[in-house]
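**Student:** Before we start, here is the structure in question, set down as structure tokens.
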Amino acid sequence: MKPYLTILLLSYYGFLFSQDSQDKKDNIFTLDANLFYGTILEHNPDISHLITDHPAGFILSYNKKTYGFKDWESRFNYPDWGFSFIYQDMKNNHLGENYSLYAHYNFYFLKRHLNLRIGQGLAYNTNPYHKETNFKNNAYGSHLMSATYFMLNYKKEKIFRGFGLQAGISVLHYSNANFKAPNTSTNTFVFNVGTNYVFDYENEPEYIPSTEDKSFKEKIKYNLAFRTGLNESDIIDVGQYPFYIVSAYADKRLNRKSAIQVGADVFFSKFLEELIYFYAVAYPELNVSGNEDWKRVGVFVGHELFINKMSFITQLGYYIYYPYDFEGRVYNRIGLKRYFGDTFFGAITLKSHGAKAEAVEFGIGVRL
């Protein structure tokens with residue numbers, strides 16, 4: 001499963017969801033609690049020895065409701081934004097337990113009875129890999145991990161006063177995105193059931209219809225971004241190294257929600273330089289000289305989904321300069337951007353080759 005990205009500091013939650021209240025009617029929020037029970041999916045046969053029982057846990061969430069006081073809210077059918085805490089007992093001594101904190105959005109369908117939640121955050125694992133005391137845990141190489149979850153619920157609010165019920169399915173993903181090896185990761189499919197409560201439900205306002213001009217247009221914009229971070233190859237204890245990526249691309253807004261992108265990346269990945277040296281010394285039968293160029297250049301196409309000051313990006317790339325074969329020529333990137341005004345942005349993205357994560361990228365850029 002493509003994780004989605006990234007290790008982000010807890011302070012980034014404010015970076016994602018800073019909002020200004022309009023008045024008391026714009027302060028309606030809900031709390032919900034879910035219990036879950038499920039199974040770890042065997043997405044990689046290397047983790048089969050870790051799937052020994054059915055994980056269980058709970059999800060606690062705060063949800064700020066929207067009613068159209070800002071234009072973007074009606075554009076997305078009045079979603080919620082909020083924060084979640086998840087506790088998961090992996091039911092395997094080698095995997096331990098996970099405690100995670102997320103920022104999330106709730107999107108509504110079918111007369112607001114069907115609720116899709118997308119959450120991204122950080123997890124703490126109690127028992128990561130250790131070469132002497134826990135060498136069987138090849139899923140988690142560090143205490144701190146990136147965490148993503150998707151929840152699809154049938155939800156009914158205010159069944160009795162402010163109380164309601166929900167039930168559905170969720171997928172919980174934990175990975176450190178090759179920040180430290182090993183990093184086979186886990187995906188857990190669960191069934192969840194719970195209750196919710198709408199605070200101040202007696203004063204809940206009506207949804208405000210959109211008054212936006214549908215003929216929105218924008219000229220082609222040009223972007224320059226710089227990304228960096230730390231990662232490690234799959235060879236345990238080879239070491240963590242910095243990487244640097246310079247990206248240039250153009251984007252064209254199709255409407256208020258979407259833009260398409262086309263551009264190029266230049267990759268300077270020091271872990272790859274070290275990996276080439278390691279193979280040249282340790283595995284002469286691989287015919288790696290150690291002088292191969294570790295730099296790469298790729299071209300990509302992408303899509304950007306704008307949600308208020310945030311956007312969600314997806315990109316698919318192909319290396320046009322590829323002197324050393326590592327995970328194939330095709331790569332992909334998903335992640336979040338946060339705009340500061342109309343020109344500057346910050347971004348946290350996950351670069352992968354298919355489902356194989358290479359790095360979490362922290363970036364800054366300009367859009368002109």
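Residue names in the structure tokens use chain letters A, B, ... in the order shown, residue numbers from 1 in each chain, and ligand numbers from 1 in the order shown.
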Write out as JSON lines the residues of stretch 147-175 of chain A that have any atom within 10 Å of an atom of stretch 79-103 of chain A, one row each with the nearest atom pair and its distance in Å to one decimal, counting only C-alpha atoms, sorted by chain and then rising number.

**Tutor:**
{"residue": "A:Ala147", "atom": "CA", "partner": "A:Ser100", "partner_atom": "CA", "distance": 7.1}
{"residue": "A:Thr148", "atom": "CA", "partner": "A:Tyr102", "partner_atom": "CA", "distance": 7.9}
{"residue": "A:Tyr149", "atom": "CA", "partner": "A:Tyr102", "partner_atom": "CA", "distance": 8.7}
{"residue": "A:Leu172", "atom": "CA", "partner": "A:Gln88", "partner_atom": "CA", "distance": 9.3}
{"residue": "A:Tyr174", "atom": "CA", "partner": "A:Asn98", "partner_atom": "CA", "distance": 8.8}

**Student:** Could the residues in this selection be saved with all heavy atoms as a CSV table (one decimal), in the first residue's frame?

**Tutor:**
chain,number,residue,atom,x,y,z
A,147,ALA,N,2.1,7.5,9.8
A,147,ALA,CA,0.9,6.7,9.9
A,147,ALA,C,-0.2,7.3,9.1
A,147,ALA,O,-0.4,8.6,9.0
A,147,ALA,CB,0.4,6.7,11.4
A,148,THR,N,-1.0,6.5,8.4
A,148,THR,CA,-2.1,6.9,7.5
A,148,THR,C,-3.3,6.0,7.8
A,148,THR,O,-3.1,4.8,8.1
A,148,THR,CB,-1.7,6.8,6.1
A,148,THR,OG1,-0.5,7.5,5.8
A,148,THR,CG2,-2.8,7.3,5.2
A,149,TYR,N,-4.5,6.6,7.8
A,149,TYR,CA,-5.6,5.7,7.9
A,149,TYR,C,-6.8,6.2,7.1
A,149,TYR,O,-6.9,7.4,6.8
A,149,TYR,CB,-6.0,5.4,9.3
A,149,TYR,CG,-6.9,6.4,10.0
A,149,TYR,CD1,-8.3,6.1,10.3
A,149,TYR,CD2,-6.4,7.6,10.5
A,149,TYR,CE1,-9.1,7.0,10.9
A,149,TYR,CE2,-7.2,8.5,11.2
A,149,TYR,CZ,-8.6,8.2,11.4
A,149,TYR,OH,-9.4,9.0,12.1
A,172,LEU,N,-5.5,0.8,8.4
A,172,LEU,CA,-4.4,1.5,9.2
A,172,LEU,C,-3.1,1.1,8.6
A,172,LEU,O,-2.7,-0.1,8.6
A,172,LEU,CB,-4.6,1.1,10.6
A,172,LEU,CG,-6.0,1.1,11.3
A,172,LEU,CD1,-5.9,0.7,12.7
A,172,LEU,CD2,-6.6,2.5,11.2
A,174,TYR,N,1.2,1.7,8.8
A,174,TYR,CA,2.3,2.3,9.6
A,174,TYR,C,3.6,2.0,8.8
A,174,TYR,O,3.9,0.9,8.3
A,174,TYR,CB,2.5,1.6,10.9
A,174,TYR,CG,1.2,1.7,11.8
A,174,TYR,CD1,0.3,0.7,11.9
A,174,TYR,CD2,1.0,2.9,12.5
A,174,TYR,CE1,-0.8,0.8,12.7
A,174,TYR,CE2,-0.1,3.1,13.3
A,174,TYR,CZ,-1.1,2.0,13.4
A,174,TYR,OH,-2.2,2.2,14.1

**Student:** As a PDB file with N, CA, C and O atoms, in the first residue's frame, list the residues of stretch 22-204 of chain A assigned to helix (DSSP H, G or I) by DSSP on the backbone atoms of this structure.

**Tutor:**
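File result_38.pdb, as written:
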ATOM      1  N   LYS A  24     -20.442  32.121  16.583  1.00  0.00           N
ATOM      2  CA  LYS A  24     -20.763  30.958  17.410  1.00  0.00           C
ATOM      3  C   LYS A  24     -21.334  29.820  16.580  1.00  0.00           C
ATOM      4  O   LYS A  24     -21.105  28.645  16.860  1.00  0.00           O
ATOM      5  N   LYS A  25     -22.090  30.156  15.529  1.00  0.00           N
ATOM      6  CA  LYS A  25     -22.690  29.120  14.694  1.00  0.00           C
ATOM      7  C   LYS A  25     -21.647  28.324  13.924  1.00  0.00           C
ATOM      8  O   LYS A  25     -21.932  27.241  13.433  1.00  0.00           O
ATOM      9  N   ASP A  26     -20.450  28.875  13.813  1.00  0.00           N
ATOM     10  CA  ASP A  26     -19.378  28.182  13.095  1.00  0.00           C
ATOM     11  C   ASP A  26     -18.483  27.410  14.052  1.00  0.00           C
ATOM     12  O   ASP A  26     -17.380  27.011  13.683  1.00  0.00           O
ATOM     13  N   ASN A  27     -18.929  27.196  15.293  1.00  0.00           N
ATOM     14  CA  ASN A  27     -18.122  26.500  16.291  1.00  0.00           C
ATOM     15  C   ASN A  27     -18.682  25.123  16.647  1.00  0.00           C
ATOM     16  O   ASN A  27     -18.312  24.546  17.668  1.00  0.00           O
ATOM     17  N   PRO A  45       5.366 -11.141   1.636  1.00  0.00           N
ATOM     18  CA  PRO A  45       5.565 -12.419   2.333  1.00  0.00           C
ATOM     19  C   PRO A  45       6.609 -12.360   3.436  1.00  0.00           C
ATOM     20  O   PRO A  45       6.635 -13.224   4.317  1.00  0.00           O
ATOM     21  N   ASP A  46       7.451 -11.321   3.443  1.00  0.00           N
ATOM     22  CA  ASP A  46       8.486 -11.205   4.469  1.00  0.00           C
ATOM     23  C   ASP A  46       7.922 -10.927   5.863  1.00  0.00           C
ATOM     24  O   ASP A  46       8.637 -11.053   6.854  1.00  0.00           O
ATOM     25  N   ILE A  47       6.634 -10.530   5.945  1.00  0.00           N
ATOM     26  CA  ILE A  47       6.052 -10.269   7.265  1.00  0.00           C
ATOM     27  C   ILE A  47       5.090 -11.378   7.696  1.00  0.00           C
ATOM     28  O   ILE A  47       4.386 -11.222   8.699  1.00  0.00           O
ATOM     29  N   SER A  48       5.050 -12.492   6.985  1.00  0.00           N
ATOM     30  CA  SER A  48       4.079 -13.554   7.300  1.00  0.00           C
ATOM     31  C   SER A  48       4.266 -14.090   8.717  1.00  0.00           C
ATOM     32  O   SER A  48       3.288 -14.474   9.377  1.00  0.00           O
ATOM     33  N   HIS A  49       5.508 -14.103   9.209  1.00  0.00           N
ATOM     34  CA  HIS A  49       5.769 -14.632  10.551  1.00  0.00           C
ATOM     35  C   HIS A  49       5.241 -13.689  11.647  1.00  0.00           C
ATOM     36  O   HIS A  49       5.170 -14.082  12.817  1.00  0.00           O
ATOM     37  N   LEU A  50       4.877 -12.452  11.273  1.00  0.00           N
ATOM     38  CA  LEU A  50       4.383 -11.485  12.251  1.00  0.00           C
ATOM     39  C   LEU A  50       2.860 -11.472  12.339  1.00  0.00           C
ATOM     40  O   LEU A  50       2.297 -10.792  13.202  1.00  0.00           O
ATOM     41  N   ASP A  71     -15.968  29.723   1.261  1.00  0.00           N
ATOM     42  CA  ASP A  71     -16.363  29.209  -0.053  1.00  0.00           C
ATOM     43  C   ASP A  71     -15.940  27.756  -0.274  1.00  0.00           C
ATOM     44  O   ASP A  71     -16.676  26.971  -0.873  1.00  0.00           O
ATOM     45  N   TRP A  72     -14.748  27.385   0.205  1.00  0.00           N
ATOM     46  CA  TRP A  72     -14.244  26.039  -0.068  1.00  0.00           C
ATOM     47  C   TRP A  72     -15.099  24.959   0.589  1.00  0.00           C
ATOM     48  O   TRP A  72     -15.122  23.814   0.128  1.00  0.00           O
ATOM     49  N   GLU A  73     -15.826  25.300   1.638  1.00  0.00           N
ATOM     50  CA  GLU A  73     -16.588  24.293   2.378  1.00  0.00           C
ATOM     51  C   GLU A  73     -17.732  23.729   1.536  1.00  0.00           C
ATOM     52  O   GLU A  73     -17.927  22.509   1.465  1.00  0.00           O
ATOM     53  N   SER A  74     -18.491  24.590   0.876  1.00  0.00           N
ATOM     54  CA  SER A  74     -19.576  24.096   0.020  1.00  0.00           C
ATOM     55  C   SER A  74     -19.025  23.401  -1.216  1.00  0.00           C
ATOM     56  O   SER A  74     -19.661  22.492  -1.770  1.00  0.00           O
ATOM     57  N   ARG A  75     -17.845  23.796  -1.659  1.00  0.00           N
ATOM     58  CA  ARG A  75     -17.214  23.190  -2.828  1.00  0.00           C
ATOM     59  C   ARG A  75     -16.989  21.694  -2.624  1.00  0.00           C
ATOM     60  O   ARG A  75     -17.035  20.909  -3.566  1.00  0.00           O
ATOM     61  N   TYR A 201     -25.891  20.937  19.565  1.00  0.00           N
ATOM     62  CA  TYR A 201     -26.671  20.544  18.387  1.00  0.00           C
ATOM     63  C   TYR A 201     -27.941  21.365  18.224  1.00  0.00           C
ATOM     64  O   TYR A 201     -28.472  21.495  17.107  1.00  0.00           O
ATOM     65  N   GLU A 202     -28.454  21.949  19.308  1.00  0.00           N
ATOM     66  CA  GLU A 202     -29.680  22.753  19.203  1.00  0.00           C
ATOM     67  C   GLU A 202     -29.467  24.005  18.356  1.00  0.00           C
ATOM     68  O   GLU A 202     -30.412  24.539  17.764  1.00  0.00           O
ATOM     69  N   ASN A 203     -28.223  24.477  18.275  1.00  0.00           N
ATOM     70  CA  ASN A 203     -27.914  25.708  17.538  1.00  0.00           C
ATOM     71  C   ASN A 203     -27.221  25.438  16.206  1.00  0.00           C
ATOM     72  O   ASN A 203     -26.601  26.342  15.634  1.00  0.00           O
TER      73      ASN A 203
END

**Student:** Please compute the atom CA of A:Glu232-atom CA of A:Lys180 distance, one decimal, in Å.

**Tutor:**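 Atom CA of A:Lys180 lies 5.5 Å from atom CA of A:Glu232.
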
**Student:** Name the closest residue to A:Gly317 among the candidates A:Ser247, A:Phe268, A:Gly341, A:Gly365; distances are taken between atoms, counting only C-alpha atoms.

**Tutor:**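 Under the stated criterion, the closest residue is A:Ser247.
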
**Student:** Report the distance between atom CA of A:Val190 and atom CA of A:Val360 in Å, rounded to one decimal place.

**Tutor:**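 Distance reported for this atom pair: 26.1 Å.
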
**Student:** Using only C-alpha atoms, which of A:Ile320, A:Ile307, A:Ile220, A:Val238 sits nearest A:Lys257?

**Tutor:**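 Checking each of A:Ile320, A:Ile307, A:Ile220, A:Val238 against A:Lys257, counting only C-alpha atoms, the winner is A:Ile307.
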
**Student:** With a distance cut-off of 8 Å and only C-alpha atoms, select the neighbouring residues of A:Val193, excluding the residue or stretch itself and same-chain residues fewer than 4 positions from it, and output the selection as a ChimeraX atom specification.

**Tutor:** /A:34-36,165-168

**Student:** Please produce a file of those selected residues containing all heavy atoms, as an mmCIF file, in the first residue's frame.

**Tutor:**
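Done, and the output landed in part_16.cif:
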data_model
loop_
_atom_site.group_PDB
_atom_site.id
_atom_site.type_symbol
_atom_site.label_atom_id
_atom_site.label_comp_id
_atom_site.auth_asym_id
_atom_site.auth_seq_id
_atom_site.Cartn_x
_atom_site.Cartn_y
_atom_site.Cartn_z
ATOM 1 N N ASN A 34 -14.562 4.900 18.387
ATOM 2 C CA ASN A 34 -14.766 3.643 17.671
ATOM 3 C C ASN A 34 -13.885 2.551 18.261
ATOM 4 O O ASN A 34 -12.713 2.803 18.582
ATOM 5 C CB ASN A 34 -14.395 3.795 16.193
ATOM 6 C CG ASN A 34 -15.354 4.669 15.424
ATOM 7 O OD1 ASN A 34 -16.342 4.203 14.877
ATOM 8 N ND2 ASN A 34 -15.061 5.969 15.375
ATOM 9 N N LEU A 35 -14.431 1.365 18.386
ATOM 10 C CA LEU A 35 -13.647 0.167 18.669
ATOM 11 C C LEU A 35 -13.439 -0.577 17.356
ATOM 12 O O LEU A 35 -14.309 -0.550 16.477
ATOM 13 C CB LEU A 35 -14.381 -0.740 19.658
ATOM 14 C CG LEU A 35 -14.676 -0.155 21.035
ATOM 15 C CD1 LEU A 35 -15.502 -1.131 21.864
ATOM 16 C CD2 LEU A 35 -13.378 0.190 21.768
ATOM 17 N N PHE A 36 -12.272 -1.233 17.203
ATOM 18 C CA PHE A 36 -12.045 -1.969 15.962
ATOM 19 C C PHE A 36 -11.359 -3.310 16.232
ATOM 20 O O PHE A 36 -10.710 -3.524 17.261
ATOM 21 C CB PHE A 36 -11.228 -1.147 14.957
ATOM 22 C CG PHE A 36 -9.815 -0.826 15.372
ATOM 23 C CD1 PHE A 36 -8.792 -1.755 15.250
ATOM 24 C CD2 PHE A 36 -9.496 0.437 15.865
ATOM 25 C CE1 PHE A 36 -7.485 -1.449 15.604
ATOM 26 C CE2 PHE A 36 -8.200 0.764 16.221
ATOM 27 C CZ PHE A 36 -7.191 -0.196 16.089
ATOM 28 N N LEU A 165 -24.666 7.059 15.978
ATOM 29 C CA LEU A 165 -23.912 5.819 15.828
ATOM 30 C C LEU A 165 -23.244 5.787 14.456
ATOM 31 O O LEU A 165 -23.709 6.444 13.513
ATOM 32 C CB LEU A 165 -24.829 4.607 15.986
ATOM 33 C CG LEU A 165 -25.526 4.418 17.335
ATOM 34 C CD1 LEU A 165 -26.541 3.278 17.248
ATOM 35 C CD2 LEU A 165 -24.503 4.151 18.435
ATOM 36 N N GLN A 166 -22.162 5.003 14.359
ATOM 37 C CA GLN A 166 -21.533 4.753 13.068
ATOM 38 C C GLN A 166 -20.889 3.371 13.083
ATOM 39 O O GLN A 166 -20.556 2.835 14.159
ATOM 40 C CB GLN A 166 -20.485 5.812 12.726
ATOM 41 C CG GLN A 166 -19.207 5.780 13.538
ATOM 42 C CD GLN A 166 -19.246 6.708 14.728
ATOM 43 O OE1 GLN A 166 -20.048 7.644 14.786
ATOM 44 N NE2 GLN A 166 -18.359 6.472 15.693
ATOM 45 N N ALA A 167 -20.724 2.802 11.904
ATOM 46 C CA ALA A 167 -20.059 1.508 11.755
ATOM 47 C C ALA A 167 -19.497 1.424 10.347
ATOM 48 O O ALA A 167 -20.046 2.012 9.406
ATOM 49 C CB ALA A 167 -21.033 0.358 12.016
ATOM 50 N N GLY A 168 -18.389 0.703 10.201
ATOM 51 C CA GLY A 168 -17.805 0.583 8.872
ATOM 52 C C GLY A 168 -16.493 -0.166 8.887
ATOM 53 O O GLY A 168 -16.256 -1.032 9.745
#

**Student:** Could you pull out all residues of stretch 33-269 of chain A with a DSSP call of strand (DSSP E or B) and give them as a ChimeraX atom specification?

**Tutor:** /A:33-40,56-64,80-89,97-109,114-125,130,134,144-160,163-175,186-198,221-231,241-253,258-269

**Student:** Taking only C-alpha atoms into account, name the residue in A:Ile51, A:Ala359, A:Val297, A:Met310 that is nearest to A:Val330.

**Tutor:**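 Distance minimum relative to A:Val330 lands on A:Val297.
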
**Student:** Using only C-alpha atoms, which protein or nucleic acid residues come within 7 Å of A:Ser258? Drop anything in the same chain fewer than 2 positions from it, and give the result as a PDB file with N, CA and C atoms, in the first residue's frame.

**Tutor:**
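Generated file (result17.pdb):
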ATOM      1  N   ARG A 253      -4.598  25.442 -13.740  1.00  0.00           N
ATOM      2  CA  ARG A 253      -5.844  25.208 -13.028  1.00  0.00           C
ATOM      3  C   ARG A 253      -6.952  24.907 -14.029  1.00  0.00           C
ATOM      4  N   LEU A 254      -7.638  23.769 -13.822  1.00  0.00           N
ATOM      5  CA  LEU A 254      -8.785  23.418 -14.643  1.00  0.00           C
ATOM      6  C   LEU A 254     -10.056  24.046 -14.097  1.00  0.00           C
ATOM      7  N   ASN A 255     -10.119  24.190 -12.772  1.00  0.00           N
ATOM      8  CA  ASN A 255     -11.239  24.808 -12.073  1.00  0.00           C
ATOM      9  C   ASN A 255     -10.761  25.146 -10.664  1.00  0.00           C
ATOM     10  N   ARG A 256     -11.675  25.484  -9.771  1.00  0.00           N
ATOM     11  CA  ARG A 256     -11.267  25.850  -8.412  1.00  0.00           C
ATOM     12  C   ARG A 256     -10.700  24.670  -7.632  1.00  0.00           C
ATOM     13  N   ILE A 260      -3.535  20.478 -13.339  1.00  0.00           N
ATOM     14  CA  ILE A 260      -2.644  19.454 -13.875  1.00  0.00           C
ATOM     15  C   ILE A 260      -1.228  20.018 -13.910  1.00  0.00           C
ATOM     16  N   GLU A 304      -3.149  18.236  -8.869  1.00  0.00           N
ATOM     17  CA  GLU A 304      -3.211  18.909  -7.579  1.00  0.00           C
ATOM     18  C   GLU A 304      -4.665  19.200  -7.243  1.00  0.00           C
ATOM     19  N   LEU A 305      -5.089  18.749  -6.068  1.00  0.00           N
ATOM     20  CA  LEU A 305      -6.449  18.970  -5.584  1.00  0.00           C
ATOM     21  C   LEU A 305      -6.402  20.032  -4.497  1.00  0.00           C
ATOM     22  N   PHE A 306      -7.082  21.167  -4.718  1.00  0.00           N
ATOM     23  CA  PHE A 306      -7.024  22.309  -3.807  1.00  0.00           C
ATOM     24  C   PHE A 306      -8.166  22.235  -2.807  1.00  0.00           C
TER      25      PHE A 306
END

**Student:** Nearest residue to A:Ala33 out of A:Asn153, A:Thr52, A:Gln120, A:Ser61, using only C-alpha atoms?

**Tutor:**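 For A:Ala33, the nearest of the candidates is A:Ser61.
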
**Student:** Might you pull out every residue within 9 Å of A:Lys158, with only C-alpha atoms counted and same-chain residues fewer than 5 positions away left off, and present them as a PyMOL selection string?

**Tutor:** chain A and resi 163-165+196-198+201

**Student:** Quick one, how far is atom CA of A:Tyr154 from atom CA of A:Lys309?

**Tutor:**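 Interatomic distance here is 28.6 Å.
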
**Student:** Applying 9 Å and only C-alpha atoms, which residues near A:Asn178 remain after dropping the ones on its own chain fewer than 5 positions away? List them as a list in words.

**Tutor:**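 Once the adjacent positions are removed, what remains is Gly141, Asn183, Thr184, Leu230, Asn231, Glu232, Ser233, Asp234, Ala357, Glu358, Ala359 and Val360 of chain A.
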
**Student:** Quick one: write out the picked residues with C-alpha atoms as a tab-separated table (two decimals), in the first residue's frame?

**Tutor:**
chain	number	residue	atom	x	y	z
A	141	GLY	CA	12.81	-0.10	11.99
A	183	ASN	CA	10.85	-0.91	6.80
A	184	THR	CA	8.56	-3.63	5.45
A	230	LEU	CA	17.10	11.62	5.47
A	231	ASN	CA	16.74	8.01	4.37
A	232	GLU	CA	18.50	4.66	4.36
A	233	SER	CA	18.74	1.75	1.94
A	234	ASP	CA	17.24	-1.64	2.77
A	357	ALA	CA	8.76	3.82	-0.38
A	358	GLU	CA	12.08	5.61	-0.89
A	359	ALA	CA	11.77	8.73	1.25
A	360	VAL	CA	9.60	11.28	3.02

**Student:** Would you list the contacts of A:Leu275 as an NGL selection string, taking every protein, DNA or RNA residue within 9 Å and counting only C-alpha atoms, but skipping same-chain residues closer than 4 positions in sequence?

**Tutor:** :A and (233 or 235 or 238 or 270-271 or 279-280)
